[in-house]
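Data block for work29.json (JSON, C-alpha atoms):
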```
[["chain", "number", "residue", "atom", "x", "y", "z"],
["A", 60, "MET", "CA", 42.26, 30.31, 18.63],
["A", 61, "GLY", "CA", 43.99, 31.73, 15.56],
["A", 62, "GLU", "CA", 42.40, 34.17, 13.14],
["A", 63, "ILE", "CA", 42.90, 35.05, 9.44],
["A", 64, "PHE", "CA", 41.10, 37.69, 7.36],
["A", 65, "SER", "CA", 40.77, 38.15, 3.61],
["A", 66, "PRO", "CA", 39.01, 41.14, 2.01],
["A", 67, "GLY", "CA", 36.37, 40.87, -0.66],
["A", 68, "LYS", "CA", 36.88, 42.36, -4.13],
["A", 69, "LEU", "CA", 35.34, 44.39, -6.89],
["A", 70, "MET", "CA", 36.51, 43.86, -10.47],
["A", 71, "LEU", "CA", 36.68, 47.21, -12.22],
["A", 72, "THR", "CA", 37.94, 46.21, -15.67],
["A", 73, "SER", "CA", 38.15, 43.44, -18.27],
["A", 74, "GLU", "CA", 35.43, 41.16, -16.87],
["A", 75, "TYR", "CA", 35.21, 38.00, -18.99],
["A", 76, "PHE", "CA", 38.35, 38.83, -20.95],
["A", 77, "ALA", "CA", 40.37, 38.16, -17.79],
["A", 78, "ILE", "CA", 39.96, 34.46, -18.62],
["A", 79, "ASP", "CA", 42.06, 34.94, -21.75],
["A", 80, "GLY", "CA", 44.78, 37.08, -20.21],
["A", 81, "ALA", "CA", 43.44, 40.64, -20.39],
["A", 82, "LEU", "CA", 44.87, 42.93, -17.73],
["A", 83, "VAL", "CA", 42.48, 43.37, -14.80],
["A", 84, "LEU", "CA", 42.18, 46.19, -12.28],
["A", 85, "ALA", "CA", 40.49, 45.00, -9.08],
["A", 86, "VAL", "CA", 40.15, 46.59, -5.65],
["A", 87, "PRO", "CA", 39.61, 45.18, -2.13],
["A", 88, "THR", "CA", 36.47, 45.83, -0.12],
["A", 89, "ARG", "CA", 36.27, 46.85, 3.50],
["A", 90, "LEU", "CA", 34.30, 43.72, 4.33],
["A", 91, "GLY", "CA", 35.58, 40.22, 3.72],
["A", 92, "GLN", "CA", 35.69, 36.83, 5.42],
["A", 93, "GLU", "CA", 37.12, 35.90, 8.80],
["A", 94, "PHE", "CA", 38.55, 32.45, 9.49],
["A", 95, "PHE", "CA", 39.08, 31.11, 13.02],
["A", 96, "PHE", "CA", 40.97, 27.91, 13.70],
["A", 97, "GLU", "CA", 41.96, 25.65, 16.56],
["A", 98, "GLU", "CA", 43.36, 22.14, 16.49],
["A", 99, "THR", "CA", 43.99, 19.35, 18.93],
["A", 100, "GLU", "CA", 46.14, 16.22, 18.83],
["A", 101, "ASP", "CA", 43.38, 13.82, 19.82],
["A", 102, "GLY", "CA", 43.85, 11.08, 17.20],
["A", 103, "LYS", "CA", 40.23, 11.36, 16.03],
["A", 104, "SER", "CA", 40.67, 12.90, 12.54],
["A", 105, "LEU", "CA", 37.60, 15.12, 12.83],
["A", 106, "VAL", "CA", 36.71, 18.49, 11.33],
["A", 107, "PHE", "CA", 34.13, 20.60, 13.14],
["A", 108, "TRP", "CA", 33.12, 23.34, 10.70],
["A", 109, "GLU", "CA", 30.80, 26.25, 11.32],
["A", 110, "ALA", "CA", 30.12, 28.90, 8.66],
["A", 111, "TYR", "CA", 28.42, 32.15, 9.61],
["A", 112, "HIS", "CA", 26.93, 34.83, 7.39],
["A", 113, "GLN", "CA", 27.14, 38.18, 9.14],
["A", 114, "ASN", "CA", 27.49, 36.40, 12.50],
["A", 115, "LYS", "CA", 24.46, 34.16, 11.92],
["A", 116, "LEU", "CA", 25.03, 30.43, 11.65],
["A", 117, "TRP", "CA", 24.50, 29.22, 8.09],
["A", 118, "LEU", "CA", 26.30, 25.89, 7.77],
["A", 119, "LYS", "CA", 27.38, 23.28, 10.30],
["A", 120, "VAL", "CA", 29.37, 20.21, 9.31],
["A", 121, "VAL", "CA", 31.21, 17.44, 11.14],
["A", 122, "ILE", "CA", 33.57, 15.40, 8.96],
["A", 123, "ASP", "CA", 35.64, 12.29, 9.60],
["A", 124, "TYR", "CA", 38.56, 13.01, 7.29],
["A", 125, "SER", "CA", 40.13, 9.57, 7.71],
["A", 126, "SER", "CA", 37.32, 8.38, 5.41],
["A", 127, "TRP", "CA", 36.05, 11.78, 4.25],
["A", 128, "LYS", "CA", 32.55, 11.01, 5.47],
["A", 129, "ILE", "CA", 30.00, 13.59, 6.56],
["A", 130, "LEU", "CA", 28.93, 12.73, 10.08],
["A", 131, "GLU", "CA", 26.59, 15.67, 10.54],
["A", 132, "THR", "CA", 25.38, 18.64, 8.51],
["A", 133, "ASN", "CA", 22.41, 20.92, 7.94],
["A", 134, "ILE", "CA", 23.13, 21.54, 4.20],
["A", 135, "THR", "CA", 24.37, 18.47, 2.35],
["A", 136, "PRO", "CA", 25.44, 20.07, -0.99],
["A", 137, "SER", "CA", 27.53, 22.70, 0.83],
["A", 138, "ALA", "CA", 29.07, 20.00, 3.02],
["A", 139, "GLN", "CA", 30.00, 18.01, -0.10],
["A", 140, "PHE", "CA", 31.69, 21.07, -1.63],
["A", 141, "LEU", "CA", 33.54, 21.57, 1.65],
["A", 142, "ILE", "CA", 34.84, 17.99, 1.54],
["A", 143, "LYS", "CA", 36.04, 18.50, -2.04],
["A", 144, "THR", "CA", 37.88, 21.65, -0.98],
["A", 145, "LEU", "CA", 39.43, 20.17, 2.15],
["A", 146, "LYS", "CA", 40.60, 17.14, 0.17],
["A", 147, "ASN", "CA", 42.43, 19.58, -2.09],
["A", 148, "VAL", "CA", 43.94, 21.26, 0.97],
["A", 149, "GLN", "CA", 45.16, 17.84, 2.11],
["A", 150, "LYS", "CA", 46.64, 17.19, -1.33],
["A", 151, "LEU", "CA", 48.54, 20.50, -1.36],
["A", 152, "SER", "CA", 49.54, 20.86, 2.28],
["A", 153, "THR", "CA", 52.39, 19.20, 4.13],
["A", 154, "ARG", "CA", 50.90, 20.27, 7.48],
["A", 155, "LYS", "CA", 47.13, 19.85, 7.56],
["A", 156, "PHE", "CA", 45.13, 16.61, 7.45],
["A", 157, "GLN", "CA", 48.38, 14.63, 7.49],
["A", 158, "ASN", "CA", 48.04, 13.10, 10.97],
["A", 159, "ALA", "CA", 44.96, 12.37, 13.05],
["A", 160, "ASP", "CA", 44.54, 15.79, 14.61],
["A", 161, "SER", "CA", 41.07, 17.30, 14.91],
["A", 162, "TYR", "CA", 40.28, 20.78, 13.64],
["A", 163, "PHE", "CA", 37.76, 23.31, 14.89],
["A", 164, "LEU", "CA", 37.21, 25.75, 12.01],
["A", 165, "LYS", "CA", 34.83, 28.69, 11.82],
["A", 166, "THR", "CA", 34.21, 31.23, 9.08],
["A", 167, "ASN", "CA", 32.28, 34.48, 9.16],
["A", 168, "LEU", "CA", 31.28, 36.19, 5.91],
["A", 169, "GLN", "CA", 30.95, 39.87, 6.76],
["A", 170, "PHE", "CA", 28.88, 40.87, 3.73],
["A", 171, "PRO", "CA", 25.58, 39.46, 2.40],
["A", 172, "SER", "CA", 26.27, 36.34, 0.35],
["A", 173, "ASP", "CA", 24.37, 37.77, -2.65],
["A", 174, "PHE", "CA", 26.71, 40.78, -2.93],
["A", 175, "GLY", "CA", 29.15, 38.85, -5.12],
["A", 176, "LEU", "CA", 32.20, 40.27, -3.35],
["A", 177, "GLY", "CA", 34.07, 36.97, -3.15],
["A", 178, "SER", "CA", 32.69, 34.53, -0.60],
["A", 179, "SER", "CA", 34.53, 31.67, -2.33],
["A", 180, "SER", "CA", 37.81, 33.44, -3.11],
["A", 181, "THR", "CA", 38.16, 34.73, 0.45],
["A", 182, "LEU", "CA", 37.58, 31.18, 1.70],
["A", 183, "MET", "CA", 40.23, 29.77, -0.66],
["A", 184, "ASN", "CA", 42.77, 32.36, 0.45],
["A", 185, "ASN", "CA", 42.03, 31.90, 4.16],
["A", 186, "LEU", "CA", 42.39, 28.13, 3.89],
["A", 187, "SER", "CA", 45.65, 28.51, 1.97],
["A", 188, "VAL", "CA", 47.15, 30.85, 4.56],
["A", 189, "TRP", "CA", 46.09, 28.45, 7.31],
["A", 190, "ALA", "CA", 47.47, 25.37, 5.52],
["A", 191, "ASP", "CA", 50.51, 27.12, 3.98],
["A", 192, "THR", "CA", 49.50, 26.23, 0.41],
["A", 193, "ASP", "CA", 49.32, 28.07, -2.92],
["A", 194, "PRO", "CA", 45.90, 29.82, -3.01],
["A", 195, "PHE", "CA", 45.87, 29.96, -6.81],
["A", 196, "MET", "CA", 46.36, 26.20, -7.00],
["A", 197, "LEU", "CA", 43.68, 25.54, -4.37],
["A", 198, "ASN", "CA", 41.29, 27.84, -6.21],
["A", 199, "SER", "CA", 42.04, 26.18, -9.54],
["A", 200, "LEU", "CA", 41.41, 22.70, -8.15],
["A", 201, "SER", "CA", 38.28, 23.66, -6.21],
["A", 202, "LEU", "CA", 36.59, 26.36, -8.27],
["A", 203, "GLY", "CA", 38.39, 27.50, -11.42],
["A", 204, "GLY", "CA", 38.16, 31.05, -12.76],
["A", 205, "SER", "CA", 40.80, 33.60, -13.72],
["A", 206, "GLY", "CA", 42.21, 33.98, -10.18],
["A", 207, "TYR", "CA", 42.18, 37.78, -9.98],
["A", 208, "ASP", "CA", 40.00, 37.61, -6.84],
["A", 209, "ILE", "CA", 42.61, 35.42, -5.14],
["A", 210, "ALA", "CA", 45.27, 38.04, -5.84],
["A", 211, "VAL", "CA", 43.15, 40.74, -4.18],
["A", 212, "ALA", "CA", 42.45, 38.55, -1.14],
["A", 213, "LYS", "CA", 46.11, 37.57, -0.85],
["A", 214, "GLU", "CA", 47.57, 41.07, -1.24],
["A", 215, "LYS", "CA", 44.78, 42.98, 0.59],
["A", 216, "SER", "CA", 45.36, 45.66, -2.02],
["A", 217, "ALA", "CA", 44.28, 46.90, -5.40],
["A", 218, "VAL", "CA", 46.02, 44.80, -8.02],
["A", 219, "LEU", "CA", 46.80, 44.65, -11.71],
["A", 220, "TYR", "CA", 46.39, 40.99, -12.65],
["A", 221, "GLN", "CA", 46.92, 38.75, -15.67],
["A", 222, "ASN", "CA", 46.65, 34.97, -15.83],
["A", 223, "LYS", "CA", 48.33, 34.39, -19.20],
["A", 224, "PRO", "CA", 50.86, 33.35, -20.30],
["A", 225, "VAL", "CA", 51.40, 32.77, -16.56],
["A", 226, "ILE", "CA", 49.76, 34.24, -13.47],
["A", 227, "GLN", "CA", 51.34, 37.59, -12.74],
["A", 228, "TYR", "CA", 50.09, 40.48, -10.65],
["A", 229, "LYS", "CA", 51.29, 43.47, -8.71],
["A", 230, "ARG", "CA", 49.97, 45.69, -5.98],
["A", 231, "VAL", "CA", 48.95, 49.14, -7.21],
["A", 232, "THR", "CA", 47.52, 52.26, -5.67],
["A", 233, "PHE", "CA", 44.11, 53.07, -7.08],
["A", 234, "ASP", "CA", 42.84, 56.04, -5.11],
["A", 235, "PRO", "CA", 41.43, 58.43, -7.73],
["A", 236, "ILE", "CA", 41.10, 62.08, -6.74],
["A", 237, "PHE", "CA", 37.48, 61.93, -7.91],
["A", 238, "LYS", "CA", 36.62, 58.84, -5.81],
["A", 239, "ASP", "CA", 34.05, 60.80, -3.76],
["A", 240, "ASP", "CA", 32.08, 61.27, -6.97],
["A", 241, "LEU", "CA", 31.79, 57.51, -7.58],
["A", 242, "ILE", "CA", 29.01, 55.25, -6.30],
["A", 243, "PHE", "CA", 28.22, 51.55, -6.31],
["A", 244, "ILE", "CA", 24.69, 50.23, -6.71],
["A", 245, "HIS", "CA", 23.64, 46.67, -5.89],
["A", 246, "LEU", "CA", 21.28, 45.23, -8.49],
["A", 247, "ASN", "CA", 20.08, 42.40, -6.22],
["A", 248, "GLN", "CA", 19.82, 40.13, -9.25],
["A", 249, "LYS", "CA", 22.38, 37.41, -8.68],
["A", 250, "GLN", "CA", 23.93, 36.41, -11.99],
["A", 251, "ASP", "CA", 24.89, 32.85, -12.89],
["A", 252, "SER", "CA", 28.52, 33.63, -13.67],
["A", 253, "ARG", "CA", 29.10, 30.14, -15.08],
["A", 254, "GLU", "CA", 26.34, 30.66, -17.65],
["A", 255, "ALA", "CA", 27.75, 34.07, -18.58],
["A", 256, "ILE", "CA", 31.27, 32.67, -18.91],
["A", 257, "ASP", "CA", 29.98, 29.88, -21.17],
["A", 258, "LEU", "CA", 28.45, 32.52, -23.46],
["A", 259, "TYR", "CA", 31.77, 34.38, -23.56],
["A", 260, "LYS", "CA", 33.75, 31.21, -24.24],
["A", 261, "SER", "CA", 31.48, 30.29, -27.13],
["A", 262, "LYS", "CA", 32.58, 33.37, -29.07],
["A", 263, "ILE", "CA", 35.74, 33.74, -31.13],
["A", 264, "LYS", "CA", 38.21, 36.23, -29.66],
["A", 265, "SER", "CA", 41.21, 37.90, -31.19],
["A", 266, "ARG", "CA", 44.47, 38.70, -29.43],
["A", 267, "LYS", "CA", 43.96, 42.31, -30.51],
["A", 268, "LEU", "CA", 40.65, 42.56, -28.64],
["A", 269, "ILE", "CA", 42.22, 41.21, -25.46],
["A", 270, "GLU", "CA", 44.97, 43.82, -25.82],
["A", 271, "VAL", "CA", 42.31, 46.53, -26.18],
["A", 272, "PHE", "CA", 40.98, 45.72, -22.71],
["A", 273, "SER", "CA", 44.49, 45.61, -21.26],
["A", 274, "ALA", "CA", 45.12, 49.07, -22.70],
["A", 275, "LEU", "CA", 41.82, 50.36, -21.28],
["A", 276, "THR", "CA", 42.79, 48.99, -17.86],
["A", 277, "ASN", "CA", 46.05, 50.93, -17.92],
["A", 278, "GLU", "CA", 44.29, 54.11, -19.02],
["A", 279, "ILE", "CA", 41.69, 53.76, -16.26],
["A", 280, "LEU", "CA", 44.37, 53.17, -13.62],
["A", 281, "LEU", "CA", 46.20, 56.37, -14.60],
["A", 282, "CYS", "CA", 43.11, 58.52, -15.15],
["A", 283, "ASN", "CA", 43.05, 61.80, -13.20],
["A", 284, "GLU", "CA", 39.88, 63.43, -14.50],
["A", 285, "LEU", "CA", 36.32, 62.29, -13.74],
["A", 286, "ASN", "CA", 35.08, 63.12, -17.24],
["A", 287, "ASP", "CA", 37.85, 61.04, -18.79],
["A", 288, "PHE", "CA", 37.13, 58.19, -16.36],
["A", 289, "CYS", "CA", 33.41, 58.27, -17.25],
["A", 290, "HIS", "CA", 34.28, 58.17, -20.95],
["A", 291, "LEU", "CA", 36.65, 55.21, -20.54],
["A", 292, "MET", "CA", 34.07, 53.27, -18.53],
["A", 293, "THR", "CA", 31.46, 53.92, -21.22],
["A", 294, "VAL", "CA", 33.83, 52.75, -23.96],
["A", 295, "HIS", "CA", 34.71, 49.64, -21.93],
["A", 296, "GLU", "CA", 31.05, 48.77, -21.38],
["A", 297, "ARG", "CA", 30.12, 49.27, -25.02],
["A", 298, "LYS", "CA", 32.96, 47.09, -26.31],
["A", 299, "ILE", "CA", 31.88, 44.16, -24.14],
["A", 300, "SER", "CA", 28.24, 44.69, -25.11],
["A", 301, "ASP", "CA", 29.15, 44.62, -28.79],
["A", 302, "PHE", "CA", 31.24, 41.48, -28.34],
["A", 303, "LEU", "CA", 28.66, 39.52, -26.32],
["A", 304, "ASN", "CA", 25.75, 40.94, -28.31],
["A", 305, "ILE", "CA", 23.81, 41.67, -25.12],
["A", 306, "PRO", "CA", 22.59, 45.08, -23.89],
["A", 307, "THR", "CA", 24.61, 47.04, -21.38],
["A", 308, "VAL", "CA", 23.22, 47.37, -17.86],
["A", 309, "LYS", "CA", 22.56, 51.04, -18.64],
["A", 310, "ASP", "CA", 20.53, 50.16, -21.73],
["A", 311, "LYS", "CA", 18.62, 47.55, -19.74],
["A", 312, "PHE", "CA", 17.81, 49.42, -16.52],
["A", 313, "PHE", "CA", 19.03, 53.01, -16.67],
["A", 314, "SER", "CA", 18.62, 54.27, -20.23],
["A", 315, "ASP", "CA", 17.75, 57.78, -19.04],
["A", 316, "CYS", "CA", 20.66, 58.01, -16.56],
["A", 317, "PRO", "CA", 22.72, 61.16, -17.31],
["A", 318, "VAL", "CA", 26.06, 59.50, -16.44],
["A", 319, "PHE", "CA", 27.83, 56.19, -17.09],
["A", 320, "VAL", "CA", 26.74, 52.92, -15.48],
["A", 321, "LYS", "CA", 29.41, 50.19, -15.54],
["A", 322, "SER", "CA", 28.89, 46.49, -14.79],
["A", 323, "LEU", "CA", 31.35, 44.96, -12.33],
["A", 324, "GLY", "CA", 31.97, 41.26, -12.84],
["A", 325, "ALA", "CA", 29.34, 39.03, -14.44],
["A", 326, "TRP", "CA", 26.90, 41.20, -16.36],
["A", 327, "GLY", "CA", 23.39, 41.62, -15.03],
["A", 328, "GLY", "CA", 23.93, 40.94, -11.34],
["A", 329, "ASP", "CA", 25.77, 42.06, -8.24],
["A", 330, "PHE", "CA", 27.16, 45.61, -8.31],
["A", 331, "VAL", "CA", 27.43, 48.37, -10.89],
["A", 332, "MET", "CA", 29.50, 51.55, -10.68],
["A", 333, "SER", "CA", 28.26, 55.01, -11.54],
["A", 334, "ALA", "CA", 28.89, 58.65, -10.70],
["A", 335, "LYS", "CA", 26.93, 61.12, -8.60],
["A", 336, "PHE", "CA", 24.56, 63.58, -10.24],
["A", 337, "ARG", "CA", 21.82, 65.81, -8.89],
["A", 338, "GLY", "CA", 19.14, 63.57, -7.37],
["A", 339, "PHE", "CA", 21.07, 60.33, -7.95],
["A", 340, "GLU", "CA", 19.76, 58.65, -4.79],
["A", 341, "ASP", "CA", 16.13, 59.32, -5.70],
["A", 342, "TYR", "CA", 16.83, 58.23, -9.28],
["A", 343, "PHE", "CA", 18.25, 54.78, -8.43],
["A", 344, "ARG", "CA", 15.76, 54.15, -5.63],
["A", 345, "GLY", "CA", 12.96, 55.13, -7.97],
["A", 346, "LYS", "CA", 14.19, 52.39, -10.31],
["A", 347, "GLY", "CA", 13.99, 49.88, -7.45],
["A", 348, "PHE", "CA", 17.68, 49.84, -6.47],
["A", 349, "ALA", "CA", 17.96, 51.11, -2.92],
["A", 350, "THR", "CA", 21.38, 49.72, -1.91],
["A", 351, "ILE", "CA", 23.84, 52.48, -2.79],
["A", 352, "PHE", "CA", 27.37, 52.84, -1.46],
["A", 353, "GLU", "CA", 29.88, 55.63, -1.76],
["A", 354, "TRP", "CA", 33.55, 54.77, -2.43],
["A", 355, "THR", "CA", 34.67, 55.04, 1.20],
["A", 356, "ASP", "CA", 31.71, 52.93, 2.36],
["A", 357, "ILE", "CA", 32.80, 49.86, 0.44],
["A", 358, "ILE", "CA", 36.40, 50.13, -0.83],
["A", 359, "ALA", "CA", 39.24, 49.37, 1.58]]
```
What does the file become when written as structure tokens?
Amino acid sequence: MGEIFSPGKLMLTSEYFAIDGALVLAVPTRLGQEFFFEETEDGKSLVFWEAYHQNKLWLKVVIDYSSWKILETNITPSAQFLIKTLKNVQKLSTRKFQNADSYFLKTNLQFPSDFGLGSSSTLMNNLSVWADTDPFMLNSLSLGGSGYDIAVAKEKSAVLYQNKPVIQYKRVTFDPIFKDDLIFIHLNQKQDSREAIDLYKSKIKSRKLIEVFSALTNEILLCNELNDFCHLMTVHERKISDFLNIPTVKDKFFSDCPVFVKSLGAWGGDFVMSAKFRGFEDYFRGKGFATIFEWTDIIA
């Protein structure tokens, strides 16, 4: 049985503006998604799919891909999304789903599915490696989005990423000397990213504003002082708040926090970044947020 692994991701800069070509800094997480595969030339055209969340079975599907019919499943909507995705794999691949071979495919998501670390993007990348296809194209056909998370999964590295005028990205080293002072807090309030993106898209954007976020990304990447980093994160958060006309996560939950609190990804859910201060653990737990990671706990 073969095995492929893709790391999860955290988006540190640009958030919604990534859609319109702002430069993004994103980093890989220690945990990601495993993909196990085996195939047999049996002439039956079957897919046996098992998806695990932290080694516990979540989804089971049997598909006849000669007709793309679900023969067996425990979660019909997820099975239907899987068929859509595998059809796209068939469309893009010269190797998979082209004969009548049967496939035994298993995934294991290593982090809780509500962490927002990239359960879908890691799946897209794993399938693309397995089928020797373009992961950005598979992601575009199956999910949409800016694609920065695919770049992180593909490169297994921190990346600088832009999707306009064309997709371009490069591996970078983002290992700040003050990393041990940074923390990540899970808000446990899963955000509907599609709804948030629709709000962003409804607003008029200027090229200059997109360039502002690209410039902030470059400054953050090169930052060597914690105080400067905290200031840049605060500026970044405030600019998005002003543009979307919604309160920052700090204004909403942590107005008395003595340091910055920065949203990561869709605002209002998943993870936020902050910095250590005296009593920080008691502070965040007292607010009802008990899942706190240090940099080396979560970042690869």
Would you mind listing, for every residue of region 78-179 of chain A within 9 Å of region 188-202 of chain A, the two atoms forming the shortest contact and the distance between them in Å to one decimal, using only C-alpha atoms, sorted by chain and ascending residue number, as a tab-separated table?
```
residue	atom	partner	partner_atom	distance
A:Phe94	CA	A:Trp189	CA	8.8
A:Phe96	CA	A:Trp189	CA	8.2
A:Phe140	CA	A:Ser201	CA	8.4
A:Lys143	CA	A:Ser201	CA	7.0
A:Thr144	CA	A:Ser201	CA	5.6
A:Asn147	CA	A:Leu197	CA	6.5
A:Val148	CA	A:Leu197	CA	6.8
A:Gln149	CA	A:Ala190	CA	8.6
A:Leu151	CA	A:Thr192	CA	6.1
A:Ser152	CA	A:Thr192	CA	5.7
A:Thr153	CA	A:Ala190	CA	8.0
A:Arg154	CA	A:Ala190	CA	6.5
A:Lys155	CA	A:Ala190	CA	5.9
A:Ser179	CA	A:Leu202	CA	8.2
```
Correct to one decimal, the distance CA of Asn184 (chain A)-CA of Asp257 (chain A) is 25.2 Å
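Distances here use all atoms listed in the file; by that measure, the residue among A:Phe95, A:Phe302, A:Phe76, A:Phe336 closest to Phe64 (chain A) is A:Phe95.
Atom pair CA of Asn158 (chain A) / CA of Gly102 (chain A): separated by 7.8 Å.
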Each residue of region 88-141 of chain A lying at most 10 Å from region 206-218 of chain A should get a row with its shortest atom-to-atom pair and the distance in Å to one decimal, counting all atoms listed in the file; could you produce that, ordered by chain and increasing number, as a Markdown table?
```
| residue | atom | partner | partner_atom | distance |
| --- | --- | --- | --- | --- |
| A:Thr88 | CA | A:Lys215 | CA | 8.8 |
| A:Arg89 | CA | A:Lys215 | CA | 9.8 |
| A:Gly91 | CA | A:Ala212 | CA | 8.6 |
| A:Gln92 | CA | A:Ala212 | CA | 9.6 |
```
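Considering all atoms listed in the file, the residue among A:Phe288, A:Phe170, A:Tyr220, A:Phe312 positioned nearest to Pro66 (chain A) is A:Phe170.
Considering all atoms listed in the file, the residue among A:Thr350, A:Ser187, A:Ser180, A:Asn167 positioned nearest to Ser205 (chain A) is A:Ser180.
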Region 66-143 of chain A residues near region 261-279 of chain A within 10 Å, closest pair each, using all atoms listed in the file, as a Markdown table:
```
| residue | atom | partner | partner_atom | distance |
| --- | --- | --- | --- | --- |
| A:Leu71 | CA | A:Thr276 | CA | 8.5 |
| A:Thr72 | CA | A:Thr276 | CA | 6.0 |
| A:Ser73 | CA | A:Phe272 | CA | 5.7 |
| A:Glu74 | CA | A:Phe272 | CA | 9.3 |
| A:Phe76 | CA | A:Ile269 | CA | 6.4 |
| A:Ala77 | CA | A:Ile269 | CA | 8.5 |
| A:Ile78 | CA | A:Ile269 | CA | 9.9 |
| A:Asp79 | CA | A:Ile269 | CA | 7.3 |
| A:Gly80 | CA | A:Ile269 | CA | 7.2 |
| A:Ala81 | CA | A:Ser273 | CA | 5.2 |
| A:Leu82 | CA | A:Ser273 | CA | 4.4 |
| A:Val83 | CA | A:Thr276 | CA | 6.4 |
| A:Leu84 | CA | A:Thr276 | CA | 6.3 |
| A:Ala85 | CA | A:Thr276 | CA | 9.9 |
```
Across A:Leu141, A:Val308, A:Leu118, A:Met70, the smallest distance to Leu323 (chain A), with all atoms listed in the file counted, is shown by A:Met70
List the residues sitting within 8 Å of (33.0, 32.9, 12.4) in the file's frame, using only C-alpha atoms, as a PDB file with C-alpha atoms, keeping the file's coordinate frame.
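File result.pdb, as written:
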```pdb
ATOM      1  CA  GLU A  93      37.120  35.900   8.800  1.00  0.00           C
ATOM      2  CA  PHE A  94      38.550  32.450   9.490  1.00  0.00           C
ATOM      3  CA  PHE A  95      39.080  31.110  13.020  1.00  0.00           C
ATOM      4  CA  GLU A 109      30.800  26.250  11.320  1.00  0.00           C
ATOM      5  CA  ALA A 110      30.120  28.900   8.660  1.00  0.00           C
ATOM      6  CA  TYR A 111      28.420  32.150   9.610  1.00  0.00           C
ATOM      7  CA  ASN A 114      27.490  36.400  12.500  1.00  0.00           C
ATOM      8  CA  LYS A 165      34.830  28.690  11.820  1.00  0.00           C
ATOM      9  CA  THR A 166      34.210  31.230   9.080  1.00  0.00           C
ATOM     10  CA  ASN A 167      32.280  34.480   9.160  1.00  0.00           C
ATOM     11  CA  LEU A 168      31.280  36.190   5.910  1.00  0.00           C
TER      12      LEU A 168
END
```
Tell me, as a PyMOL selection string, which residues lie within 10 Å of Asp123 (chain A), counting all atoms listed in the file; anything in the same chain fewer than 2 positions away does not count. chain A and resi 103-107+121+125-131+142+159+161
As a check of understanding: the span from CA of Arg337 (chain A) to CA of Ile242 (chain A) is 13.0 Å
Could you pull region 179-183 of chain A out of the structure I just pasted and write it to a file containing all heavy atoms, as a PDB file, in the first residue's frame?
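And here is the file that came out, decode_15.pdb:
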```pdb
ATOM      1  N   SER A 179      -9.738  20.057   3.197  1.00  0.00           N
ATOM      2  CA  SER A 179     -10.022  19.939   1.759  1.00  0.00           C
ATOM      3  C   SER A 179      -8.767  20.111   0.919  1.00  0.00           C
ATOM      4  O   SER A 179      -8.538  19.352  -0.032  1.00  0.00           O
ATOM      5  CB  SER A 179     -11.068  20.974   1.345  1.00  0.00           C
ATOM      6  OG  SER A 179     -12.277  20.756   2.015  1.00  0.00           O
ATOM      7  N   SER A 180      -7.947  21.117   1.237  1.00  0.00           N
ATOM      8  CA  SER A 180      -6.753  21.365   0.418  1.00  0.00           C
ATOM      9  C   SER A 180      -5.757  20.213   0.524  1.00  0.00           C
ATOM     10  O   SER A 180      -5.110  19.848  -0.481  1.00  0.00           O
ATOM     11  CB  SER A 180      -6.083  22.679   0.832  1.00  0.00           C
ATOM     12  OG  SER A 180      -5.739  22.676   2.203  1.00  0.00           O
ATOM     13  N   THR A 181      -5.627  19.621   1.699  1.00  0.00           N
ATOM     14  CA  THR A 181      -4.718  18.470   1.822  1.00  0.00           C
ATOM     15  C   THR A 181      -5.247  17.285   1.020  1.00  0.00           C
ATOM     16  O   THR A 181      -4.468  16.531   0.437  1.00  0.00           O
ATOM     17  CB  THR A 181      -4.523  18.077   3.296  1.00  0.00           C
ATOM     18  OG1 THR A 181      -5.801  17.921   3.933  1.00  0.00           O
ATOM     19  CG2 THR A 181      -3.734  19.135   4.043  1.00  0.00           C
ATOM     20  N   LEU A 182      -6.564  17.133   0.973  1.00  0.00           N
ATOM     21  CA  LEU A 182      -7.149  16.068   0.152  1.00  0.00           C
ATOM     22  C   LEU A 182      -6.872  16.315  -1.329  1.00  0.00           C
ATOM     23  O   LEU A 182      -6.468  15.394  -2.060  1.00  0.00           O
ATOM     24  CB  LEU A 182      -8.655  15.990   0.396  1.00  0.00           C
ATOM     25  CG  LEU A 182      -9.416  15.010  -0.498  1.00  0.00           C
ATOM     26  CD1 LEU A 182      -8.949  13.577  -0.271  1.00  0.00           C
ATOM     27  CD2 LEU A 182     -10.928  15.127  -0.261  1.00  0.00           C
ATOM     28  N   MET A 183      -7.082  17.549  -1.787  1.00  0.00           N
ATOM     29  CA  MET A 183      -6.843  17.873  -3.197  1.00  0.00           C
ATOM     30  C   MET A 183      -5.389  17.592  -3.591  1.00  0.00           C
ATOM     31  O   MET A 183      -5.107  17.037  -4.651  1.00  0.00           O
ATOM     32  CB  MET A 183      -7.180  19.343  -3.481  1.00  0.00           C
ATOM     33  CG  MET A 183      -8.627  19.718  -3.335  1.00  0.00           C
ATOM     34  SD  MET A 183      -9.757  18.839  -4.434  1.00  0.00           S
ATOM     35  CE  MET A 183     -10.860  18.120  -3.204  1.00  0.00           C
TER      36      MET A 183
END
```
